[in-house]
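> query.cif (mmCIF, C-alpha atoms) pasted underneath:
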```cif
data_data
#
loop_
_atom_site.group_PDB
_atom_site.id
_atom_site.type_symbol
_atom_site.label_atom_id
_atom_site.label_comp_id
_atom_site.auth_asym_id
_atom_site.auth_seq_id
_atom_site.Cartn_x
_atom_site.Cartn_y
_atom_site.Cartn_z
ATOM 1 C CA MET A 384 15.932 10.290 12.915
ATOM 2 C CA ALA A 385 15.803 6.809 14.421
ATOM 3 C CA ARG A 386 12.304 6.301 13.000
ATOM 4 C CA SER A 387 13.479 6.890 9.412
ATOM 5 C CA SER A 388 16.308 4.361 9.710
ATOM 6 C CA GLU A 389 13.853 1.854 11.206
ATOM 7 C CA VAL A 390 11.525 2.411 8.244
ATOM 8 C CA GLU A 391 14.423 2.000 5.788
ATOM 9 C CA THR A 392 15.475 -1.266 7.449
ATOM 10 C CA LYS A 393 11.930 -2.625 7.315
ATOM 11 C CA TYR A 394 11.619 -1.468 3.708
ATOM 12 C CA GLU A 395 14.747 -3.371 2.683
ATOM 13 C CA ARG A 396 13.584 -6.496 4.529
ATOM 14 C CA TYR A 397 10.142 -6.209 2.927
ATOM 15 C CA LYS A 398 11.664 -5.878 -0.558
ATOM 16 C CA ILE A 399 13.669 -9.059 -0.002
ATOM 17 C CA GLU A 400 10.671 -11.000 1.355
ATOM 18 C CA ASN A 401 8.366 -9.760 -1.414
ATOM 19 C CA SER A 402 10.502 -9.672 -4.540
ATOM 20 C CA ALA A 403 7.862 -8.027 -6.769
ATOM 21 C CA PHE A 404 7.512 -4.576 -5.229
ATOM 22 C CA SER A 405 7.463 -2.153 -8.163
ATOM 23 C CA VAL A 406 4.759 -2.598 -10.765
ATOM 24 C CA VAL A 407 5.540 0.223 -13.194
ATOM 25 C CA GLU A 408 5.169 -2.339 -16.010
ATOM 26 C CA LEU A 409 1.422 -2.319 -15.379
ATOM 27 C CA VAL A 410 1.088 1.377 -16.254
ATOM 28 C CA LEU A 411 -0.118 1.388 -19.837
ATOM 29 C CA HIS A 412 0.713 5.023 -20.630
ATOM 30 C CA ASP A 413 3.565 5.601 -23.083
ATOM 31 C CA VAL A 414 5.809 7.537 -20.697
ATOM 32 C CA ASP A 415 9.188 6.890 -19.066
ATOM 33 C CA ASP A 416 9.533 4.939 -15.816
ATOM 34 C CA GLU A 417 9.893 8.058 -13.667
ATOM 35 C CA ASP A 418 6.532 9.376 -14.894
ATOM 36 C CA LYS A 419 4.982 5.934 -14.366
ATOM 37 C CA GLU A 420 6.137 5.987 -10.737
ATOM 38 C CA HIS A 421 4.618 9.453 -10.334
ATOM 39 C CA ILE A 422 1.316 8.232 -11.797
ATOM 40 C CA LEU A 423 1.249 5.302 -9.361
ATOM 41 C CA ASN A 424 2.173 7.478 -6.374
ATOM 42 C CA CYS A 425 -0.756 9.814 -6.995
ATOM 43 C CA HIS A 426 -3.512 7.214 -6.633
ATOM 44 C CA SER A 427 -6.184 8.520 -4.280
ATOM 45 C CA ASP A 428 -6.071 5.279 -2.259
ATOM 46 C CA LYS A 429 -2.445 5.885 -1.312
ATOM 47 C CA LEU A 430 -3.026 9.568 -0.601
ATOM 48 C CA ALA A 431 -5.944 8.702 1.695
ATOM 49 C CA MET A 432 -3.835 6.117 3.508
ATOM 50 C CA ALA A 433 -0.940 8.571 3.934
ATOM 51 C CA PHE A 434 -3.302 11.185 5.345
ATOM 52 C CA GLY A 435 -4.769 8.609 7.727
ATOM 53 C CA ILE A 436 -1.325 7.513 8.917
ATOM 54 C CA MET A 437 -0.415 11.142 9.620
ATOM 55 C CA LYS A 438 -3.635 12.283 11.279
ATOM 56 C CA ILE A 439 -5.267 9.262 12.954
ATOM 57 C CA ASP A 440 -4.267 8.045 16.400
ATOM 58 C CA PRO A 441 -1.789 5.123 16.075
ATOM 59 C CA GLU A 442 -4.071 2.768 18.027
ATOM 60 C CA MET A 443 -6.896 3.258 15.508
ATOM 61 C CA SER A 444 -7.126 1.511 12.143
ATOM 62 C CA VAL A 445 -6.931 3.517 8.946
ATOM 63 C CA GLN A 446 -10.029 3.038 6.801
ATOM 64 C CA VAL A 447 -10.086 3.779 3.078
ATOM 65 C CA THR A 448 -13.094 3.498 0.765
ATOM 66 C CA ASN A 449 -12.648 3.103 -2.971
ATOM 67 C CA ASN A 450 -15.444 2.859 -5.523
ATOM 68 C CA LEU A 451 -13.165 1.004 -7.969
ATOM 69 C CA ARG A 452 -11.250 -2.220 -7.668
ATOM 70 C CA ILE A 453 -7.910 -1.792 -5.918
ATOM 71 C CA CYS A 454 -4.893 -1.840 -8.249
ATOM 72 C CA ASN A 455 -1.917 -4.134 -7.746
ATOM 73 C CA ASP A 456 0.421 -1.303 -6.763
ATOM 74 C CA CYS A 457 -1.967 0.110 -4.146
ATOM 75 C CA TYR A 458 -2.555 -3.389 -2.792
ATOM 76 C CA SER A 459 1.208 -3.857 -2.365
ATOM 77 C CA ALA A 460 1.508 -0.418 -0.781
ATOM 78 C CA PHE A 461 -1.191 -1.197 1.784
ATOM 79 C CA LYS A 462 0.553 -4.447 2.699
ATOM 80 C CA PHE A 463 3.854 -2.607 3.013
ATOM 81 C CA VAL A 464 2.496 0.217 5.179
ATOM 82 C CA SER A 465 0.713 -2.186 7.503
ATOM 83 C CA TYR A 466 4.020 -4.039 7.914
ATOM 84 C CA VAL A 467 6.300 -1.029 8.398
ATOM 85 C CA TYR A 468 4.070 1.097 10.609
ATOM 86 C CA GLY A 469 2.376 -1.768 12.423
ATOM 87 C CA ARG A 470 -1.016 -0.282 11.613
ATOM 88 C CA LYS A 471 -4.220 -1.991 10.616
ATOM 89 C CA VAL A 472 -5.511 -0.667 7.304
ATOM 90 C CA VAL A 473 -9.038 -1.505 6.153
ATOM 91 C CA VAL A 474 -9.855 -0.904 2.486
ATOM 92 C CA ARG A 475 -13.247 -1.341 0.898
ATOM 93 C CA ASP A 476 -13.072 -1.642 -2.864
ATOM 94 C CA ALA A 477 -15.785 -2.449 -5.394
ATOM 95 C CA HIS A 478 -15.741 -6.172 -4.557
ATOM 96 C CA ARG A 479 -14.732 -6.746 -0.926
ATOM 97 C CA PHE A 480 -13.181 -5.501 2.272
ATOM 98 C CA HIS A 481 -9.434 -5.919 2.680
ATOM 99 C CA HIS A 482 -7.968 -5.964 6.194
ATOM 100 C CA PHE A 483 -4.205 -5.372 6.053
ATOM 101 C CA GLN A 484 -2.221 -6.143 9.168
ATOM 102 C CA ASP A 485 1.456 -7.023 9.657
ATOM 103 C CA GLY A 486 2.055 -7.097 5.895
ATOM 104 C CA THR A 487 -0.726 -9.534 5.043
ATOM 105 C CA CYS A 488 -4.270 -9.180 3.791
ATOM 106 C CA SER A 489 -7.402 -10.960 4.980
ATOM 107 C CA CYS A 490 -8.117 -12.123 1.423
ATOM 108 C CA ASN A 491 -4.775 -14.034 1.336
ATOM 109 C CA ASP A 492 -3.884 -12.256 -1.938
ATOM 110 C CA TYR A 493 -7.062 -13.528 -3.609
ATOM 111 C CA TRP A 494 -8.577 -10.394 -5.012
#
```
Before we go any further, please render this structure as structure tokens.

Amino acid sequence: MARSSEVETKYERYKIENSAFSVVELVLHDVDDEDKEHILNCHSDKLAMAFGIMKIDPEMSVQVTNNLRICNDCYSAFKFVSYVYGRKVVVRDAHRFHHFQDGTCSCNDYW
């Protein structure tokens, strides 16, 4: 139970530090906001990261490979997860490698 309250506290702090957290406006489908959030939550990048967080030893980095360019919402999610869980997340997209650690990316948000 203590872990969930710690995650909630970090989430609130992260939202304050990074004011633009939700990017449902970028979903171009003509659906309501709840469906847009569902569409964004089902990206394979995020599912792979969630599986890695659950199954990989905490001392190891989570590595995700994507054959497309990473979307803005997934990019924000990777930054957030690296901050909250204190994990290193390495993502290879179509253009470069991204190394997320402590809520920042190696590309300095130039992607």
> Looking at A:Ser388, A:Asn491, A:Ser427, A:Ser465, which one is nearest to A:Leu451, with distances taken over all atoms listed in the file?
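Ranked by minimum distance to A:Leu451, first place goes to A:Ser427.
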> Which one of A:Lys438, A:Asp413, A:Met443, A:Val474 sits closest to A:Ala460 if you count all atoms listed in the file?
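For A:Ala460, the nearest of the given residues is A:Val474.
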> Starting from 8 Å padding per side, set up an axis-aligned box that covers all listed atoms of stretch 434-443 of chain A and hand over centre and edge lengths in Å, one decimal, as AutoDock Vina command-line options.

```
--center_x -3.7 --center_y 7.5 --center_z 11.7 --size_x 22.5 --size_y 25.5 --size_z 28.7
```
> In Å, rounded to a single decimal, give me how far atom CA of A:His482 is from atom CA of A:Arg452.
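Rounded to one decimal, the two atoms are 14.7 Å apart.
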> Mind telling me what the PyMOL selection byres ((chain A and resi 448) around 8) catches here, as JSON, numbers by chain?
{"A": [428, 446, 447, 449, 450, 474, 475, 476]}
> Report the distance between atom CA of A:Ser444 and atom CA of A:Tyr468 in Å, rounded to one decimal place.
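Going from atom CA of A:Ser444 over to atom CA of A:Tyr468 covers 11.3 Å.
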> So how far away is atom CA of A:Leu430 from atom CA of A:Asp416, in Å?
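Computing it gives 20.3 Å between the two atoms.
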> Check what the PyMOL selection byres ((chain A and resi 466) around 9) selects in the file above and give those residues as a list in words.
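For this structure, the PyMOL selection byres ((chain A and resi 466) around 9) captures Lys393, Tyr397, Phe461, Lys462, Phe463, Val464, Ser465, Val467, Tyr468, Gly469, Arg470, Lys471, Phe483, Gln484, Asp485, Gly486 and Thr487 of chain A.
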> Would you list the contacts of A:His426 as a ChimeraX atom specification, taking every protein, DNA or RNA residue within 12 Å and counting all atoms listed in the file, but skipping same-chain residues closer than 6 positions in sequence?
/A:419-420,432-433,449,451,453-458,460
> For a quick check of understanding, using only C-alpha atoms, which of A:Val445, A:Phe434, A:Ser489, A:Ile439 has the smallest distance to A:Val472?
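For A:Val472, the nearest of the candidates is A:Val445.
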> Save stretch 427-441 of chain A from what I just supplied, as an mmCIF file, in the first residue's frame, atoms limited to all heavy atoms.

```
data_model
loop_
_atom_site.group_PDB
_atom_site.id
_atom_site.type_symbol
_atom_site.label_atom_id
_atom_site.label_comp_id
_atom_site.auth_asym_id
_atom_site.auth_seq_id
_atom_site.Cartn_x
_atom_site.Cartn_y
_atom_site.Cartn_z
ATOM 1 N N SER A 427 1.640 -0.128 -28.225
ATOM 2 C CA SER A 427 2.494 -1.277 -27.931
ATOM 3 C C SER A 427 3.743 -0.873 -27.162
ATOM 4 O O SER A 427 4.266 -1.663 -26.365
ATOM 5 C CB SER A 427 2.874 -1.996 -29.225
ATOM 6 O OG SER A 427 3.587 -1.127 -30.080
ATOM 7 N N ASP A 428 4.231 0.347 -27.368
ATOM 8 C CA ASP A 428 5.414 0.821 -26.637
ATOM 9 C C ASP A 428 5.146 0.803 -25.136
ATOM 10 O O ASP A 428 5.961 0.330 -24.345
ATOM 11 C CB ASP A 428 5.766 2.256 -27.021
ATOM 12 C CG ASP A 428 5.927 2.478 -28.505
ATOM 13 O OD1 ASP A 428 5.533 1.589 -29.287
ATOM 14 O OD2 ASP A 428 6.437 3.531 -28.875
ATOM 15 N N LYS A 429 3.994 1.341 -24.742
ATOM 16 C CA LYS A 429 3.648 1.412 -23.329
ATOM 17 C C LYS A 429 3.401 0.019 -22.751
ATOM 18 O O LYS A 429 3.783 -0.269 -21.618
ATOM 19 C CB LYS A 429 2.409 2.269 -23.115
ATOM 20 C CG LYS A 429 2.629 3.730 -23.365
ATOM 21 C CD LYS A 429 1.349 4.460 -23.064
ATOM 22 C CE LYS A 429 1.406 5.869 -23.569
ATOM 23 N NZ LYS A 429 0.129 6.534 -23.436
ATOM 24 N N LEU A 430 2.757 -0.842 -23.535
ATOM 25 C CA LEU A 430 2.500 -2.196 -23.056
ATOM 26 C C LEU A 430 3.808 -2.944 -22.855
ATOM 27 O O LEU A 430 3.977 -3.667 -21.869
ATOM 28 C CB LEU A 430 1.599 -2.934 -24.041
ATOM 29 C CG LEU A 430 0.196 -2.358 -24.209
ATOM 30 C CD1 LEU A 430 -0.556 -3.103 -25.301
ATOM 31 C CD2 LEU A 430 -0.565 -2.398 -22.899
ATOM 32 N N ALA A 431 4.760 -2.766 -23.768
ATOM 33 C CA ALA A 431 6.066 -3.413 -23.634
ATOM 34 C C ALA A 431 6.799 -2.895 -22.397
ATOM 35 O O ALA A 431 7.423 -3.663 -21.655
ATOM 36 C CB ALA A 431 6.902 -3.175 -24.889
ATOM 37 N N MET A 432 6.729 -1.589 -22.177
ATOM 38 C CA MET A 432 7.382 -1.011 -21.003
ATOM 39 C C MET A 432 6.746 -1.538 -19.719
ATOM 40 O O MET A 432 7.452 -1.891 -18.770
ATOM 41 C CB MET A 432 7.298 0.502 -21.034
ATOM 42 C CG MET A 432 7.912 1.159 -19.821
ATOM 43 S SD MET A 432 7.677 2.930 -19.746
ATOM 44 C CE MET A 432 5.925 3.090 -19.955
ATOM 45 N N ALA A 433 5.424 -1.604 -19.673
ATOM 46 C CA ALA A 433 4.729 -2.098 -18.480
ATOM 47 C C ALA A 433 5.115 -3.550 -18.198
ATOM 48 O O ALA A 433 5.372 -3.924 -17.047
ATOM 49 C CB ALA A 433 3.222 -1.978 -18.661
ATOM 50 N N PHE A 434 5.191 -4.352 -19.243
ATOM 51 C CA PHE A 434 5.595 -5.745 -19.072
ATOM 52 C C PHE A 434 7.027 -5.818 -18.548
ATOM 53 O O PHE A 434 7.331 -6.610 -17.650
ATOM 54 C CB PHE A 434 5.474 -6.494 -20.402
ATOM 55 C CG PHE A 434 5.792 -7.952 -20.288
ATOM 56 C CD1 PHE A 434 4.865 -8.824 -19.762
ATOM 57 C CD2 PHE A 434 7.014 -8.439 -20.709
ATOM 58 C CE1 PHE A 434 5.153 -10.171 -19.646
ATOM 59 C CE2 PHE A 434 7.309 -9.775 -20.594
ATOM 60 C CZ PHE A 434 6.382 -10.652 -20.061
ATOM 61 N N GLY A 435 7.906 -4.980 -19.092
ATOM 62 C CA GLY A 435 9.291 -4.964 -18.636
ATOM 63 C C GLY A 435 9.415 -4.542 -17.189
ATOM 64 O O GLY A 435 10.193 -5.117 -16.420
ATOM 65 N N ILE A 436 8.649 -3.541 -16.782
ATOM 66 C CA ILE A 436 8.675 -3.083 -15.387
ATOM 67 C C ILE A 436 8.226 -4.214 -14.463
ATOM 68 O O ILE A 436 8.785 -4.411 -13.383
ATOM 69 C CB ILE A 436 7.774 -1.845 -15.198
ATOM 70 C CG1 ILE A 436 8.349 -0.641 -15.940
ATOM 71 C CG2 ILE A 436 7.549 -1.525 -13.722
ATOM 72 C CD1 ILE A 436 9.600 -0.066 -15.353
ATOM 73 N N MET A 437 7.226 -4.975 -14.886
ATOM 74 C CA MET A 437 6.706 -6.051 -14.044
ATOM 75 C C MET A 437 7.648 -7.244 -13.974
ATOM 76 O O MET A 437 7.791 -7.863 -12.927
ATOM 77 C CB MET A 437 5.349 -6.529 -14.564
ATOM 78 C CG MET A 437 4.240 -5.543 -14.371
ATOM 79 S SD MET A 437 2.602 -6.191 -14.792
ATOM 80 C CE MET A 437 2.856 -6.995 -16.353
ATOM 81 N N LYS A 438 8.283 -7.595 -15.079
ATOM 82 C CA LYS A 438 8.987 -8.872 -15.168
ATOM 83 C C LYS A 438 10.512 -8.803 -15.081
ATOM 84 O O LYS A 438 11.154 -9.801 -14.809
ATOM 85 C CB LYS A 438 8.619 -9.581 -16.489
ATOM 86 C CG LYS A 438 7.152 -9.917 -16.596
ATOM 87 C CD LYS A 438 6.757 -10.922 -15.549
ATOM 88 C CE LYS A 438 5.304 -11.325 -15.703
ATOM 89 N NZ LYS A 438 4.874 -12.279 -14.704
ATOM 90 N N ILE A 439 11.101 -7.630 -15.326
ATOM 91 C CA ILE A 439 12.559 -7.532 -15.362
ATOM 92 C C ILE A 439 13.066 -7.085 -13.995
ATOM 93 O O ILE A 439 12.458 -6.246 -13.335
ATOM 94 C CB ILE A 439 13.016 -6.558 -16.469
ATOM 95 C CG1 ILE A 439 12.636 -7.124 -17.839
ATOM 96 C CG2 ILE A 439 14.504 -6.303 -16.413
ATOM 97 C CD1 ILE A 439 12.936 -6.197 -18.982
ATOM 98 N N ASP A 440 14.185 -7.639 -13.605
ATOM 99 C CA ASP A 440 14.825 -7.299 -12.334
ATOM 100 C C ASP A 440 15.004 -5.789 -12.224
ATOM 101 O O ASP A 440 15.437 -5.139 -13.178
ATOM 102 C CB ASP A 440 16.179 -8.014 -12.275
ATOM 103 C CG ASP A 440 16.849 -7.895 -10.934
ATOM 104 O OD1 ASP A 440 16.138 -7.816 -9.921
ATOM 105 O OD2 ASP A 440 18.099 -7.885 -10.900
ATOM 106 N N PRO A 441 14.681 -5.182 -11.070
ATOM 107 C CA PRO A 441 14.747 -3.721 -10.928
ATOM 108 C C PRO A 441 16.108 -3.097 -11.212
ATOM 109 O O PRO A 441 16.196 -1.929 -11.546
ATOM 110 C CB PRO A 441 14.346 -3.478 -9.465
ATOM 111 C CG PRO A 441 13.523 -4.655 -9.107
ATOM 112 C CD PRO A 441 14.101 -5.805 -9.880
#
```
